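Structure record follows, encoded as structure tokens.
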Protein chains: 2
Amino acid sequence: MDTLLSGGLVVTMDPDADGATGALGIIDDGAVGWTDGELAFVGPAADADPTAAGTVVDAGGAAVLPGLVNAHVHGRHTVLRGGAQDVPEIEWMNDALGPIAAHATDADGTVGCRLAAVETLASGVTTVCEYAERVADLVADVYRPLGLRVAATETITAVADDPDVGPDEPYPFDPDAGRAALERAEALFDAYAADPAVEPMYGPQALDMVPRDLLAEIESRSRREDRAVHMHVAQGDRERRQIEARYGAGATTVGVLGDLGLVSDRLLAAHLHGATPDARVRLANAGVRMVGCPSSIAAIDGIVPPLAGYRDAGGVAGIGTDQAPGPGGHDLRREFRTAAMLAKTDAADPTALTAPDALRLATIGGARALGLADRVGSLTPGKRADVAVFDLEAAGVAPTVAEPFHTAIPNLAYAGAAAPIRAVFVDGERLVDADGVRGVDAEALVTDATRRAERIFADAESDWRAAGSRLVADADAGRL
Amino acid sequence: MDTLLSGGLVVTMDPDADGATGALGIIDDGAVGWTDGELAFVGPAADADPTAAGTVVDAGGAAVLPGLVNAHVHGRHTVLRGGAQDVPEIEWMNDALGPIAAHATDADGTVGCRLAAVETLASGVTTVCEYAERVADLVADVYRPLGLRVAATETITAVADDPDVGPDEPYPFDPDAGRAALERAEALFDAYAADPAVEPMYGPQALDMVPRDLLAEIESRSRREDRAVHMHVAQGDRERRQIEARYGAGATTVGVLGDLGLVSDRLLAAHLHGATPDARVRLANAGVRMVGCPSSIAAIDGIVPPLAGYRDAGGVAGIGTDQAPGPGGHDLRREFRTAAMLAKTDAADPTALTAPDALRLATIGGARALGLADRVGSLTPGKRADVAVFDLEAAGVAPTVAEPFHTAIPNLAYAGAAAPIRAVFVDGERLVDADGVRGVDAEALVTDATRRAERIFADAESDWRAAGSRLVADADAGRL
């Protein structure tokens with residue numbers, strides 16, 4: 001073995017038990033070892049042979065979990081962190097974020113994405129599902145250089161960024177733009193066909209943003225090649241009205257997706273808060289996977305994504321941090337805690353979305369949602385050595401006991417970002433230590449991002465004032 | 001001046017503007033200076049004279065805020081962190097936490113409280129409102145040795161810890177126990193009459209737990225001496241049924257408190273989720289102050305405390321972390337973020353409880369709730385030098401811009417625990433630096449707490465199993 005992590009509380013997130021007993025696969029005084037980036041040993045430390053390991057890392061006082069999966073991220077917007085929040089949903093993109101985002105260049109977006117990737121990696125994430133136009137640029141310039149595993153979703157839309165139409169008037173389409181995006185997705189599949197660290201996906205942005213014939217084409221290719229389709233589904237009122245305007249009164253997103261053949265286990269549906277409970281059961285029964293973004297949807301819409309309900313319906317679900325300008329950023333520890341707190345209050349039931357559930361969403365759930373559970377999401381021999389090590393001896397997590405139950409499970413789940421990360425490994429390579437992400441000059445990155453943000457916000461000021469979101473009054477009154 | 005913090009983004013939380021324009025008092029490139037622990041200068045760095053300061057601390061790239069106020073804490077339970085969560089409210093104390101807590105000694109509780117104090121101090125908190133029996137012990141053994149300011153509430157109850165009665169049968173009272181608690185409170189007022197760092201309060205635990213004549217006595221003393229009464233008010237269904245059983249059908253907590261003369265600006269009411277909106281308006285109009293504990297009440301009850309509504313009704317409100325076993329701990333940065341996310345989803349409105357609101361709750365709001373706004377809660381010359389310095393250059397908070405508005409406000413509010421603390425000062429003394437709480441051997445504290453927790457949980461195991469909360473099955477199935 002190259003490396004043996006030994007002496008920690010190992011939580012394998014046993015995928016066999018999930019759905020059956022729900023056992024997490026907890027091993028006291030456990031060890032995890034790997035060779036060439038593949039897990040070779042997971043079990044009690046007493047059964048491992050440290051003399052056979054090139055390097056032995058002491059995991060005493062730590063919890064060793066599979067690397068976390070951040071299953072839905074638009075990283076570029078991170079350069080605009082704090083740019084739009086606390087506004088009505090209808091103002092958020094059109095009047096608050098949009099006028100600022102329009103002044104960001106590709107290079108700005110790359111720096112924003114790098115900041116997102118560094119932030120989320122430092123929170124224990126080893127796999128990011130990035131959803132972006134020209135996502136190949138971000139894979140090549142950001143994710144792979146950092147060593148992160150990435151599910152790369154190419155955004156496919158035929159709608160201009162800010163279509164000047166009312167909510168009940170269908171968006172005007174530019175079919176060529178949609179086709180070009182599909183071809184970019186095809187190129188992505190070709191480029192990374194042999195790379196297990198990059199999983200491409202088709203990303204038709206939403207049912208109201210892609211012409212029917214292009215969706216049919218995506219469905220056909222997806223079925224033929226057994227490729228995933230990652231789509232924002234049932235995001236709320238504006239989409240609902242668009243679908244009725246385009247597909248007729250009474251038409252629903254889930255109904256039309258079904259007619260198009262897209263309701264299948266190849267579909268990864270983001271958000272789903274606009275779908276009825278019956279529609280969600282239909283999706284779950286069809287094997288559609290879900291990703292929910294609790295903080296983002298809370299911040300933008302004031303809505304709790306139906307993660308608990310989707311799991312109760314038998315659906316596979318993961319979580320993602322989505323975007324930084326509204327909810328703050330990409331720390332996935334914060335996100336699994338938030339998922340639990342929001343689910344409990346949404347259901348008026350403190351037993352909704354438990355601590356084990358929260359950790360599952362962030363690991364094996366996310367891996368299944370992304371179709372990567374053959375590789376990651378649990379500490380299982382034969383899977384990749386994607387591992388996150390959490391310090392259990394910090395003042396905000398301690399004490400933990402192992403009998404009569406492991407308080408480390410709730411302590412980690414509910415500490416959120418207060419649980420320090422000791423180490424993160426992807427494919428067996430150590431990317432993070434207690435000082436942060438290795439090989440990244442974080443100070444220079446922040447300086448670069450700040451310089452860019454200052455320019456973007458300065459360039460955007462008159463457009464932003466003219467758009468007139470309520471943030472303008474907040475700024476002028478000294479509240480922001 | 002002893003010390004000048006210079007070059008940061010100063011956010012004074014201007015108490016004059018709060019309630020009027022809501023301006024936060026933001027000063028770009030600001031400075032804060034003090035002499036003998038009293039703020040002497042707050043303004044632009046250009047107007048400060050660094051040569052007149054004994055020590056100049058560079059606050060470049062940081063936000064300088066008033067020290068945070070954690071307005072409701074039961075610190076001892078922190079030794080039981082992770083001991084009870086994800087259970088129905090009715091099981092939480094009786095079947096889950098209670099059987100474990102019964103095995104904790106006073107010394108265990110002191111160590112738990114020290115852990116809570118260290119955790120909350122390291123999150124930027126400078127004032128803690130501790131609510132406990134024999135609170136003087138915790139003031140003397142924990143809070144003052146750490147240098148924290150403390151609002152010390154002596155719990156007054158006449159009910160045994162675990163009364164063996166049904167929910168509709170009034171608790172049996174031990175009047176002597178209630179009297180003894182009141183006398184402890186009196187001793188506390190006497191002992192700290194001349195100490196501005198300790199603010200005693202009467203803590204009648206809840207209306208259903210204190211005999212009417214004792215409440216009348218507390219009210220009378222409170223009025224005569226102008227002392228605060230800190231009480232859990234309208235905590236939910238069990239209390240509601242107790243009040244009807246004791247005071248007659250239709251009786252409500254707020255109604256009975258009014259009859260007893262306790263509805264006044266001397267009352268600090270915790271929780272309030274069981275009060276009707278009309279009752280809350282009555283309380284707000286009477287000047288009753290509120291403290292809400294979003295994570296705790298979400299975790300235990302699946303309920304969002306009515307902080308946003310109470311502020312909208314004109315009430316003064318602060319926030320607290322309450323207890324560690326359910327929601328994870330005492331990081332107040334995490335708590336103000338959670339307050340905002342929960343309020344938005346509770347109201348189905350992303351404009352509910354904004355980023356400025358969240359920071360206000362944690363500073364001037366908490367100071368007002370505790371009756372300490374003459375001393376703390378804002379950076380105002382003449383107030384005490386209680387100051388928290390947040391790093392704005394971390395990957396989870398950056399970038400920030402100052403024009404056309406200060407993105408540092410939402411970035412701090414929504415980063416939560418991901419925003420690193422650079423320094424915390426109380427009465428001008430530096431208690432925290434980037435390495436943590438000064439003068440505390442955190443490793444030894446955690447080791448001690450862990451040893452104690454292991455003993456408590458081991459001793460409690462058979463009682464805990466016999467009580468039979470659903471956590472027993474979770475443990476046996478390997479979910480915990």
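Residue numbers start at 1 in each chain; chains themselves are named A, B, ... in the order of the structure tokens; ligands are numbered from 1 in the order shown.
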For the structure I just gave you, how does DSSP split segment 134-356 of chain B - specifically, which residues are strand (DSSP E or B)? Reply as a PDB file with N, CA, C and O atoms, in the first residue's frame.
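Written output follows (part_25.pdb):
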ATOM      1  N   ARG B 149     -17.545  38.627  29.179  1.00  0.00           N
ATOM      2  CA  ARG B 149     -18.622  39.337  29.859  1.00  0.00           C
ATOM      3  C   ARG B 149     -19.798  38.355  29.968  1.00  0.00           C
ATOM      4  O   ARG B 149     -20.040  37.566  29.039  1.00  0.00           O
ATOM      5  N   VAL B 150     -20.509  38.411  31.065  1.00  0.00           N
ATOM      6  CA  VAL B 150     -21.557  37.408  31.242  1.00  0.00           C
ATOM      7  C   VAL B 150     -22.808  38.016  31.877  1.00  0.00           C
ATOM      8  O   VAL B 150     -22.731  38.795  32.830  1.00  0.00           O
ATOM      9  N   ALA B 151     -23.931  37.718  31.249  1.00  0.00           N
ATOM     10  CA  ALA B 151     -25.223  37.973  31.876  1.00  0.00           C
ATOM     11  C   ALA B 151     -25.599  36.661  32.541  1.00  0.00           C
ATOM     12  O   ALA B 151     -25.802  35.649  31.872  1.00  0.00           O
ATOM     13  N   ALA B 152     -25.625  36.670  33.868  1.00  0.00           N
ATOM     14  CA  ALA B 152     -25.730  35.428  34.633  1.00  0.00           C
ATOM     15  C   ALA B 152     -27.145  35.265  35.152  1.00  0.00           C
ATOM     16  O   ALA B 152     -27.587  36.014  36.019  1.00  0.00           O
ATOM     17  N   THR B 153     -27.839  34.291  34.615  1.00  0.00           N
ATOM     18  CA  THR B 153     -29.232  34.066  34.992  1.00  0.00           C
ATOM     19  C   THR B 153     -29.313  32.861  35.915  1.00  0.00           C
ATOM     20  O   THR B 153     -28.918  31.757  35.537  1.00  0.00           O
ATOM     21  N   GLU B 154     -29.803  33.081  37.108  1.00  0.00           N
ATOM     22  CA  GLU B 154     -29.963  31.974  38.049  1.00  0.00           C
ATOM     23  C   GLU B 154     -31.299  31.285  37.787  1.00  0.00           C
ATOM     24  O   GLU B 154     -32.362  31.890  37.919  1.00  0.00           O
ATOM     25  N   THR B 155     -31.229  30.027  37.415  1.00  0.00           N
ATOM     26  CA  THR B 155     -32.446  29.256  37.175  1.00  0.00           C
ATOM     27  C   THR B 155     -33.234  29.116  38.467  1.00  0.00           C
ATOM     28  O   THR B 155     -32.683  28.711  39.500  1.00  0.00           O
ATOM     29  N   ILE B 156     -34.505  29.448  38.384  1.00  0.00           N
ATOM     30  CA  ILE B 156     -35.387  29.293  39.545  1.00  0.00           C
ATOM     31  C   ILE B 156     -36.521  28.363  39.138  1.00  0.00           C
ATOM     32  O   ILE B 156     -37.319  28.688  38.261  1.00  0.00           O
ATOM     33  N   VAL B 198     -20.392  41.572  34.880  1.00  0.00           N
ATOM     34  CA  VAL B 198     -21.348  40.513  35.245  1.00  0.00           C
ATOM     35  C   VAL B 198     -22.710  41.153  35.491  1.00  0.00           C
ATOM     36  O   VAL B 198     -22.838  42.047  36.328  1.00  0.00           O
ATOM     37  N   GLU B 199     -23.713  40.707  34.767  1.00  0.00           N
ATOM     38  CA  GLU B 199     -25.064  41.256  34.912  1.00  0.00           C
ATOM     39  C   GLU B 199     -25.998  40.135  35.374  1.00  0.00           C
ATOM     40  O   GLU B 199     -26.395  39.282  34.577  1.00  0.00           O
ATOM     41  N   PRO B 200     -26.328  40.095  36.645  1.00  0.00           N
ATOM     42  CA  PRO B 200     -27.222  39.024  37.110  1.00  0.00           C
ATOM     43  C   PRO B 200     -28.659  39.234  36.622  1.00  0.00           C
ATOM     44  O   PRO B 200     -29.077  40.373  36.331  1.00  0.00           O
ATOM     45  N   MET B 201     -29.384  38.120  36.523  1.00  0.00           N
ATOM     46  CA  MET B 201     -30.807  38.151  36.170  1.00  0.00           C
ATOM     47  C   MET B 201     -31.524  37.074  36.979  1.00  0.00           C
ATOM     48  O   MET B 201     -30.954  36.031  37.253  1.00  0.00           O
ATOM     49  N   TYR B 202     -32.786  37.333  37.253  1.00  0.00           N
ATOM     50  CA  TYR B 202     -33.641  36.281  37.781  1.00  0.00           C
ATOM     51  C   TYR B 202     -34.014  35.341  36.635  1.00  0.00           C
ATOM     52  O   TYR B 202     -34.379  35.804  35.542  1.00  0.00           O
ATOM     53  N   GLY B 203     -34.009  34.050  36.913  1.00  0.00           N
ATOM     54  CA  GLY B 203     -34.347  33.095  35.863  1.00  0.00           C
ATOM     55  C   GLY B 203     -35.456  32.122  36.225  1.00  0.00           C
ATOM     56  O   GLY B 203     -35.219  30.912  36.244  1.00  0.00           O
ATOM     57  N   PRO B 204     -36.668  32.642  36.481  1.00  0.00           N
ATOM     58  CA  PRO B 204     -37.772  31.691  36.679  1.00  0.00           C
ATOM     59  C   PRO B 204     -37.903  30.861  35.397  1.00  0.00           C
ATOM     60  O   PRO B 204     -38.131  31.407  34.326  1.00  0.00           O
ATOM     61  N   ALA B 206     -39.794  28.692  33.767  1.00  0.00           N
ATOM     62  CA  ALA B 206     -40.953  28.779  32.879  1.00  0.00           C
ATOM     63  C   ALA B 206     -42.175  28.893  33.761  1.00  0.00           C
ATOM     64  O   ALA B 206     -42.151  28.491  34.931  1.00  0.00           O
ATOM     65  N   VAL B 229     -35.808  39.880  34.408  1.00  0.00           N
ATOM     66  CA  VAL B 229     -36.345  38.529  34.591  1.00  0.00           C
ATOM     67  C   VAL B 229     -36.237  37.807  33.253  1.00  0.00           C
ATOM     68  O   VAL B 229     -36.803  38.255  32.257  1.00  0.00           O
ATOM     69  N   HIS B 230     -35.471  36.736  33.233  1.00  0.00           N
ATOM     70  CA  HIS B 230     -35.200  35.996  31.996  1.00  0.00           C
ATOM     71  C   HIS B 230     -35.925  34.658  32.108  1.00  0.00           C
ATOM     72  O   HIS B 230     -35.617  33.855  32.983  1.00  0.00           O
ATOM     73  N   MET B 231     -36.862  34.434  31.203  1.00  0.00           N
ATOM     74  CA  MET B 231     -37.776  33.297  31.378  1.00  0.00           C
ATOM     75  C   MET B 231     -38.016  32.617  30.037  1.00  0.00           C
ATOM     76  O   MET B 231     -38.111  33.286  29.006  1.00  0.00           O
ATOM     77  N   HIS B 232     -38.097  31.311  30.048  1.00  0.00           N
ATOM     78  CA  HIS B 232     -38.561  30.585  28.866  1.00  0.00           C
ATOM     79  C   HIS B 232     -40.070  30.794  28.775  1.00  0.00           C
ATOM     80  O   HIS B 232     -40.790  30.438  29.711  1.00  0.00           O
ATOM     81  N   VAL B 233     -40.539  31.344  27.691  1.00  0.00           N
ATOM     82  CA  VAL B 233     -41.953  31.715  27.581  1.00  0.00           C
ATOM     83  C   VAL B 233     -42.585  31.054  26.353  1.00  0.00           C
ATOM     84  O   VAL B 233     -42.083  31.203  25.238  1.00  0.00           O
ATOM     85  N   LEU B 267     -38.744  42.109  31.349  1.00  0.00           N
ATOM     86  CA  LEU B 267     -38.820  40.680  30.998  1.00  0.00           C
ATOM     87  C   LEU B 267     -38.034  40.379  29.719  1.00  0.00           C
ATOM     88  O   LEU B 267     -38.185  41.058  28.703  1.00  0.00           O
ATOM     89  N   LEU B 268     -37.191  39.371  29.791  1.00  0.00           N
ATOM     90  CA  LEU B 268     -36.516  38.816  28.619  1.00  0.00           C
ATOM     91  C   LEU B 268     -37.122  37.436  28.386  1.00  0.00           C
ATOM     92  O   LEU B 268     -36.969  36.525  29.210  1.00  0.00           O
ATOM     93  N   ALA B 269     -37.821  37.296  27.264  1.00  0.00           N
ATOM     94  CA  ALA B 269     -38.564  36.064  26.982  1.00  0.00           C
ATOM     95  C   ALA B 269     -37.808  35.225  25.965  1.00  0.00           C
ATOM     96  O   ALA B 269     -37.537  35.689  24.850  1.00  0.00           O
ATOM     97  N   ALA B 270     -37.494  33.997  26.341  1.00  0.00           N
ATOM     98  CA  ALA B 270     -36.815  33.102  25.409  1.00  0.00           C
ATOM     99  C   ALA B 270     -37.843  32.274  24.643  1.00  0.00           C
ATOM    100  O   ALA B 270     -38.851  31.840  25.206  1.00  0.00           O
ATOM    101  N   HIS B 271     -37.568  32.129  23.367  1.00  0.00           N
ATOM    102  CA  HIS B 271     -38.291  31.210  22.467  1.00  0.00           C
ATOM    103  C   HIS B 271     -39.594  31.752  21.882  1.00  0.00           C
ATOM    104  O   HIS B 271     -39.669  32.031  20.700  1.00  0.00           O
ATOM    105  N   ARG B 289     -38.390  41.999  25.933  1.00  0.00           N
ATOM    106  CA  ARG B 289     -37.308  41.655  25.008  1.00  0.00           C
ATOM    107  C   ARG B 289     -37.345  40.164  24.716  1.00  0.00           C
ATOM    108  O   ARG B 289     -37.791  39.387  25.555  1.00  0.00           O
ATOM    109  N   MET B 290     -36.906  39.793  23.530  1.00  0.00           N
ATOM    110  CA  MET B 290     -36.969  38.383  23.125  1.00  0.00           C
ATOM    111  C   MET B 290     -35.583  37.854  22.805  1.00  0.00           C
ATOM    112  O   MET B 290     -34.757  38.578  22.253  1.00  0.00           O
ATOM    113  N   VAL B 291     -35.356  36.588  23.125  1.00  0.00           N
ATOM    114  CA  VAL B 291     -34.183  35.910  22.583  1.00  0.00           C
ATOM    115  C   VAL B 291     -34.663  34.635  21.890  1.00  0.00           C
ATOM    116  O   VAL B 291     -35.461  33.878  22.447  1.00  0.00           O
ATOM    117  N   GLY B 292     -34.234  34.469  20.644  1.00  0.00           N
ATOM    118  CA  GLY B 292     -34.574  33.276  19.872  1.00  0.00           C
ATOM    119  C   GLY B 292     -33.332  32.419  19.664  1.00  0.00           C
ATOM    120  O   GLY B 292     -32.222  32.943  19.582  1.00  0.00           O
ATOM    121  N   VAL B 316     -37.625  44.156  20.581  1.00  0.00           N
ATOM    122  CA  VAL B 316     -36.170  44.015  20.648  1.00  0.00           C
ATOM    123  C   VAL B 316     -35.847  42.527  20.709  1.00  0.00           C
ATOM    124  O   VAL B 316     -36.466  41.798  21.483  1.00  0.00           O
ATOM    125  N   ALA B 317     -34.889  42.080  19.878  1.00  0.00           N
ATOM    126  CA  ALA B 317     -34.578  40.649  19.854  1.00  0.00           C
ATOM    127  C   ALA B 317     -33.092  40.405  19.693  1.00  0.00           C
ATOM    128  O   ALA B 317     -32.392  41.154  19.012  1.00  0.00           O
ATOM    129  N   GLY B 318     -32.657  39.340  20.332  1.00  0.00           N
ATOM    130  CA  GLY B 318     -31.303  38.828  20.150  1.00  0.00           C
ATOM    131  C   GLY B 318     -31.378  37.338  19.875  1.00  0.00           C
ATOM    132  O   GLY B 318     -32.464  36.754  19.818  1.00  0.00           O
ATOM    133  N   ILE B 319     -30.204  36.736  19.673  1.00  0.00           N
ATOM    134  CA  ILE B 319     -30.174  35.295  19.411  1.00  0.00           C
ATOM    135  C   ILE B 319     -29.210  34.596  20.362  1.00  0.00           C
ATOM    136  O   ILE B 319     -28.275  35.203  20.888  1.00  0.00           O
ATOM    137  N   ASP B 322     -28.238  28.367  22.911  1.00  0.00           N
ATOM    138  CA  ASP B 322     -29.046  27.510  23.768  1.00  0.00           C
ATOM    139  C   ASP B 322     -28.267  26.312  24.319  1.00  0.00           C
ATOM    140  O   ASP B 322     -27.763  26.374  25.426  1.00  0.00           O
TER     141      ASP B 322
END
Practice item. Find the residues around Leu214 of chain B up to 9 Å (only C-alpha atoms counted), leave out those fewer than 2 positions away in its own chain, and share them as a PyMOL selection string. Key: chain B and resi 175+178-179+182+210-212+216-219
Kindly save the residues from that selection, with all heavy atoms included, as a short mmCIF file (atom, residue, chain, number, x, y, z; two decimals), in the first residue's frame.
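Output file out34.cif is given in full below:
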data_model
loop_
_atom_site.label_atom_id
_atom_site.label_comp_id
_atom_site.auth_asym_id
_atom_site.auth_seq_id
_atom_site.Cartn_x
_atom_site.Cartn_y
_atom_site.Cartn_z
N PRO B 175 -41.76 23.92 47.08
CA PRO B 175 -41.61 25.38 47.27
C PRO B 175 -40.26 25.75 47.88
O PRO B 175 -39.71 26.81 47.55
CB PRO B 175 -42.76 25.74 48.21
CG PRO B 175 -43.75 24.62 48.07
CD PRO B 175 -42.94 23.39 47.79
N GLY B 178 -37.70 26.19 45.19
CA GLY B 178 -37.88 27.46 44.49
C GLY B 178 -37.34 28.63 45.30
O GLY B 178 -36.63 29.50 44.79
N ARG B 179 -37.65 28.64 46.61
CA ARG B 179 -37.16 29.70 47.51
C ARG B 179 -35.63 29.73 47.55
O ARG B 179 -35.00 30.78 47.52
CB ARG B 179 -37.67 29.47 48.94
CG ARG B 179 -39.10 29.80 49.15
CD ARG B 179 -39.27 31.27 49.50
NE ARG B 179 -40.58 31.69 49.05
CZ ARG B 179 -40.97 32.95 48.91
NH1 ARG B 179 -40.14 33.94 49.18
NH2 ARG B 179 -42.17 33.24 48.48
N LEU B 182 -34.28 31.32 44.54
CA LEU B 182 -34.43 32.77 44.58
C LEU B 182 -33.36 33.39 45.48
O LEU B 182 -32.78 34.43 45.14
CB LEU B 182 -35.84 33.15 45.07
CG LEU B 182 -36.11 34.65 45.20
CD1 LEU B 182 -35.88 35.38 43.88
CD2 LEU B 182 -37.53 34.90 45.69
N VAL B 210 -42.84 27.23 38.21
CA VAL B 210 -42.63 28.08 39.38
C VAL B 210 -43.99 28.39 39.99
O VAL B 210 -44.91 28.80 39.27
CB VAL B 210 -41.91 29.40 38.99
CG1 VAL B 210 -41.59 30.23 40.22
CG2 VAL B 210 -40.64 29.10 38.20
N PRO B 211 -44.14 28.23 41.31
CA PRO B 211 -45.42 28.54 41.95
C PRO B 211 -45.77 30.02 41.80
O PRO B 211 -44.88 30.88 41.74
CB PRO B 211 -45.18 28.19 43.42
CG PRO B 211 -43.97 27.31 43.44
CD PRO B 211 -43.15 27.69 42.26
N ARG B 212 -47.08 30.27 41.80
CA ARG B 212 -47.56 31.63 41.58
C ARG B 212 -47.00 32.62 42.62
O ARG B 212 -46.60 33.73 42.26
CB ARG B 212 -49.09 31.62 41.64
CG ARG B 212 -49.73 32.90 41.19
CD ARG B 212 -51.17 33.00 41.70
NE ARG B 212 -52.01 31.93 41.19
CZ ARG B 212 -53.06 32.12 40.38
NH1 ARG B 212 -53.38 33.33 39.98
NH2 ARG B 212 -53.80 31.11 39.99
N ALA B 216 -44.78 35.98 41.99
CA ALA B 216 -45.19 37.31 42.46
C ALA B 216 -44.04 37.97 43.23
O ALA B 216 -43.79 39.17 43.11
CB ALA B 216 -46.44 37.19 43.33
N GLU B 217 -43.35 37.16 43.99
CA GLU B 217 -42.21 37.68 44.76
C GLU B 217 -41.08 38.15 43.81
O GLU B 217 -40.48 39.21 44.01
CB GLU B 217 -41.70 36.56 45.69
CG GLU B 217 -40.48 36.90 46.50
CD GLU B 217 -40.78 37.92 47.58
OE1 GLU B 217 -41.94 38.00 48.00
OE2 GLU B 217 -39.85 38.64 48.00
N ILE B 218 -40.82 37.34 42.81
CA ILE B 218 -39.79 37.72 41.83
C ILE B 218 -40.18 39.01 41.12
O ILE B 218 -39.37 39.93 40.95
CB ILE B 218 -39.57 36.58 40.81
CG1 ILE B 218 -38.95 35.35 41.49
CG2 ILE B 218 -38.71 37.05 39.64
CD1 ILE B 218 -38.98 34.09 40.64
N GLU B 219 -41.45 39.09 40.74
CA GLU B 219 -41.92 40.30 40.05
C GLU B 219 -41.74 41.53 40.92
O GLU B 219 -41.24 42.57 40.48
CB GLU B 219 -43.39 40.12 39.65
CG GLU B 219 -43.92 41.19 38.70
CD GLU B 219 -44.25 42.50 39.39
OE1 GLU B 219 -44.73 42.49 40.55
OE2 GLU B 219 -44.04 43.57 38.76
#
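If you count only C-alpha atoms and ignore residues fewer than 3 places along the chain from Thr252 of chain B, what sits within 7 Å of it is Arg240, Ile243, Gly255 and Val256 of chain B.
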Residues of chain B within 6 Å of chain A: nearest atom pair and distance (Å, one decimal) for each, counting only C-alpha atoms, sorted by chain and number, as a tab-separated table?
residue	atom	partner	partner_atom	distance
B:Gly22	CA	A:Arg479	CA	6.0
B:Ala23	CA	A:Arg479	CA	4.4
B:Leu24	CA	A:Arg479	CA	5.3
B:Gly82	CA	A:Thr407	CA	4.7
B:Asp86	CA	A:Thr351	CA	4.4
B:Val87	CA	A:Thr351	CA	5.2
B:Pro88	CA	A:Pro350	CA	5.9
B:Glu119	CA	A:Ala395	CA	5.5
B:Ala298	CA	A:Thr345	CA	5.8
B:Ala299	CA	A:Pro350	CA	5.5
B:Ile300	CA	A:Pro350	CA	5.7
B:Asp301	CA	A:Pro350	CA	5.5
B:Gly302	CA	A:Thr345	CA	4.2
B:Ile303	CA	A:Thr345	CA	5.1
B:Pro327	CA	A:Tyr414	CA	5.9
B:Gly328	CA	A:Tyr414	CA	4.9
B:Met341	CA	A:Ala298	CA	6.0
B:Lys344	CA	A:Gly302	CA	4.8
B:Thr345	CA	A:Gly302	CA	4.2
B:Ala348	CA	A:Gly302	CA	4.5
B:Asp349	CA	A:Gly302	CA	4.7
B:Pro350	CA	A:Gly302	CA	4.5
B:Thr351	CA	A:Asp86	CA	4.3
B:Thr354	CA	A:Asp86	CA	5.4
B:Ala395	CA	A:Glu119	CA	5.5
B:Gly396	CA	A:Glu119	CA	5.5
B:Pro399	CA	A:Thr450	CA	4.7
B:Val401	CA	A:Glu454	CA	5.7
B:Phe405	CA	A:Ala475	CA	5.3
B:His406	CA	A:Leu480	CA	5.2
B:Thr407	CA	A:Gly82	CA	4.7
B:Pro410	CA	A:Gly82	CA	5.4
B:Asn411	CA	A:Gly82	CA	5.4
B:Tyr414	CA	A:Gly328	CA	4.8
B:Ala415	CA	A:Gly328	CA	5.2
B:Ala417	CA	A:Ala417	CA	5.6
B:Ala418	CA	A:Ala417	CA	5.8
B:Ala449	CA	A:Pro399	CA	5.8
B:Thr450	CA	A:Pro399	CA	4.7
B:Glu454	CA	A:Val401	CA	5.6
B:Ala475	CA	A:Phe405	CA	5.3
B:Ala477	CA	A:Ala23	CA	5.9
B:Gly478	CA	A:Ala23	CA	4.4
B:Arg479	CA	A:Ala23	CA	4.4
B:Leu480	CA	A:His406	CA	5.2
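Straight-line separation from atom CA of Glu186 of chain A to atom CA of Ala136 of chain A: 11.0 Å.
Take the candidates A:Asp95, A:Asp108, A:Glu225, A:Glu244 and check each one against Pro167 of chain A using only C-alpha atoms; the shortest distance goes to A:Glu244.
Taking atom CA of Ala191 of chain A and atom CA of Tyr143 of chain A as the two end points, the separation is 15.2 Å.
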Exercise for review: Identify all residues of segment 93-304 of chain A in helix (DSSP H, G or I) (DSSP on the backbone) and supply them as a ChimeraX atom specification.
Suggested key: /A:93-101,106-122,135-146,175-191,207-209,212-225,237-247,253-259,277-285,294-301
Go through segment 359-423 of chain B residue by residue and, counting only C-alpha atoms, keep those with an atom at most 9 Å from segment 434-441 of chain B; for each kept residue give the shortest atom pair and its distance in Å to one decimal, ordered by chain and increasing number, as CSV.
residue,atom,partner,partner_atom,distance
B:Pro420,CA,B:Ala434,CA,8.0
B:Ile421,CA,B:Ala434,CA,6.4
B:Arg422,CA,B:Ala434,CA,4.7
B:Ala423,CA,B:Ala434,CA,6.4
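With atom CA of Arg241 of chain A on one side and atom CA of Pro172 of chain A on the other, the separation reads 14.6 Å.
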